[in-house]
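In what follows, a structure is listed as structure tokens, so that the remarks can point back to it.
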Amino acid sequence: MFKNFDKVFKFTFRNQAKTKSYISLTVTLALLFLILPGLIMFLADYFTKKNEGIKDSGIKYVYVVNPDAPKADYNLFNMLGTEYYEDIKYMNADTVDEALEYAEGSQDTVVLEFYEKENELCAGIILPNDSNITSKEAGYFNDFIDENEQFVAIFASGISMQELVQLSQQTESEIYSAKGYEAGKSLHDDEQASEDMAAKAFKPIFNYIIVFASMMILYIMIASYGNGISSCVVLEKSSKLMDTMLISVKPEAMVFGKLMGILAAGLLQIFVWIISIAVGFFAGFVILESRGSELPIRAFFNMMGELGLFSIPKVILAVITIIFGILMYCSLSCLAGSISNNREEAASNNTIFMMVLLASFYIVFFMGFSSAGEGLPMWMMFVPPVAAMVLPAALCLGTISTGAGAVAVLLLIAIAVVVTIVSGRLYKMMSLYKGNNVKIGKALKMLFSGQG
């Protein structure tokens with residue numbers, strides 16, 4: 001049945017992969033995916049460090065206007081321990097005009113006004129005419145006020161030092177894991193346990209990302225290559241090239257070889273890009289760690305094995321699922337091409353392929369994606385059109401056992417092989433058919449009734 005399949009496969013793959021557009025696209029995106037992860041991680045680390053802490057405002061003196069507490073000691077702000085804001089001189093003034101008069105001639109002074117608006121304490125920062133403090137630097141001081149708004153509200157109420165000491169008494173608390181409690185070690189002390197909790201908390205988010213990315217990549221790939229295969233079959237039928245090949249090649253071998261040749265070229269691109277992304281992430285981690293930087297996601301990647309993610313047997317099953325899932329869909333498109341005499345007919349007959357693809361996509365999107373964080377519904381793994389989109393992600397994420405995953409993969413392979421065989425026989429039958437144009441339903445009826 002599959003005699004000379006290898007010849008058709010090699011011929012198709014070679015013609016598909018040797019084009020300049022294919023090579024340039026593969027290399028360009030591989031280089032982009034190699035650089036992009038490290039660049040994203042570097043920028044994330046840069047802006048994280050850039051936004052860490054409150055910046056120096058350059059302010060040395062502050063005149064405070066607060067009618068509700070005109071004698072409050074605002075030098076208590078220096079006790080908050082915020083870098084750059086531990087040595088500022090705070091002085092009281094009765095009105096803003098008075099404060100501005102006091103600040104005249106001073107270049108590193110601002111006026112801080114407290115007032116009530118709709119029963120809430122508000123603060124306004126006023127820059128004197130002679131001040132060298134810019135609006136941006138005043139914004140840094142405003143960040144300091146916002147960062148410590150609870151303490152600012154307390155200080156602005158006119159609290160005394162003795163009362164402040166009583167309020168400042170702290171109740172110590174600790175958080176323990178079960179194992180840590182038995183060992184008397186809190187999560188604060190146990191850095192590894194803290195990282196483990198952060199990694200586990202990130203897993204549901206990672207599940208969403210993988211399921212969504214898998215669904216979108218497979219949908220785009222199936223839609224692109226499916227339509228391409230249908231057009232290619234129609235083109236070669238019209239040129240009678242495949243009719244000549246049918247003399248020495250069985251129709252099943254011809255269709256299967258053609259499908260796999262085109263898909264192998266596509267899968268080669270995908271795997272090259274995946275490797276580029278993986279290398280890019282690895283290089284990014286190495287570079288950031290050499291600079292003494294740490295990203296929270298690192299703990300998650302370090303725990304992938306313990307979380308049951310990307311085990312080798314399941315990754316192998318996922319790869320097989322991708323190959324035969326795309327093959328199954330593309331075989332449906334090949335059915336349309338087999339009974340068509342031109343591209344217009346192929347587009348019309350391709351409706352069944354697009355309907356199955358879109359139905360599966362929306363089932364996953366509306367019924368499966370909402371629960372992706374906790375685990376996809378198990379029934380989706382055993383419905384081949386739907387499984388082709390979600391099973392690779394479920395296997396990689398460990399949400400389905402190896403045994404159940406193997407059964408689902410075998411079912412998908414069986415359906416893909418059957419559809420491919422039917423496509424081959426339909427191609428042979430319709431290449432010899434002389435008569436009116438037919439639709440897929442009539443063609444299948446002719447196939448199973450032995451007419452042609």
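Letters A, B, ... go to the chains of the structure tokens in the order shown; residues in each chain start at 1; ligands are counted from 1 in the same order.
Within 12 Å of Ile400 (chain A), once only C-alpha atoms are used and residues closer than 6 positions along the same chain are dropped, the contacting residues are A:Gly308, A:Leu309, A:Phe310, A:Ser311, A:Lys314, A:Leu317, A:Ala318, A:Glu374, A:Gly375, A:Leu376, A:Pro377, A:Met378, A:Trp379, A:Met380, A:Met381, A:Phe382, A:Ala387, A:Val390, A:Leu391, A:Pro392, A:Ala393, A:Ala394, A:Ala406, A:Val407, A:Ala408, A:Val409.
Of the residues listed (A:Ala72, A:Ala265, A:Leu29, A:Leu127), A:Leu127 shows the shortest atom-to-atom separation from Val96 (chain A); distances use only C-alpha atoms.
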Checklist outcome for this item: Here CA of Ala346 (chain A) and CA of Ser333 (chain A) stand apart by 8.7 Å
Considering only C-alpha atoms, return as a JSON list (two decimals) with N, CA and C atoms, in the first residue's frame whatever protein or nucleic-acid residues lie within 8 Å of Leu100 (chain A), sequence-local ones (same chain, fewer than 3 positions apart) excluded.
```json
[["chain", "number", "residue", "atom", "x", "y", "z"],
["A", 96, "VAL", "N", 0.48, 78.80, 53.42],
["A", 96, "VAL", "CA", 1.34, 78.55, 52.26],
["A", 96, "VAL", "C", 2.12, 79.81, 51.90],
["A", 97, "ASP", "N", 1.47, 80.97, 51.97],
["A", 97, "ASP", "CA", 2.17, 82.23, 51.65],
["A", 97, "ASP", "C", 3.33, 82.45, 52.60],
["A", 103, "ALA", "N", 10.81, 80.30, 52.34],
["A", 103, "ALA", "CA", 11.63, 79.53, 51.40],
["A", 103, "ALA", "C", 12.31, 80.40, 50.36],
["A", 104, "GLU", "N", 12.01, 81.72, 50.37],
["A", 104, "GLU", "CA", 12.57, 82.60, 49.36],
["A", 104, "GLU", "C", 14.09, 82.61, 49.43],
["A", 111, "VAL", "N", 7.52, 73.32, 49.65],
["A", 111, "VAL", "CA", 6.46, 73.50, 50.64],
["A", 111, "VAL", "C", 5.51, 72.31, 50.53],
["A", 128, "PRO", "N", 8.80, 76.63, 45.38],
["A", 128, "PRO", "CA", 9.05, 78.09, 45.45],
["A", 128, "PRO", "C", 9.71, 78.60, 44.18]]
```
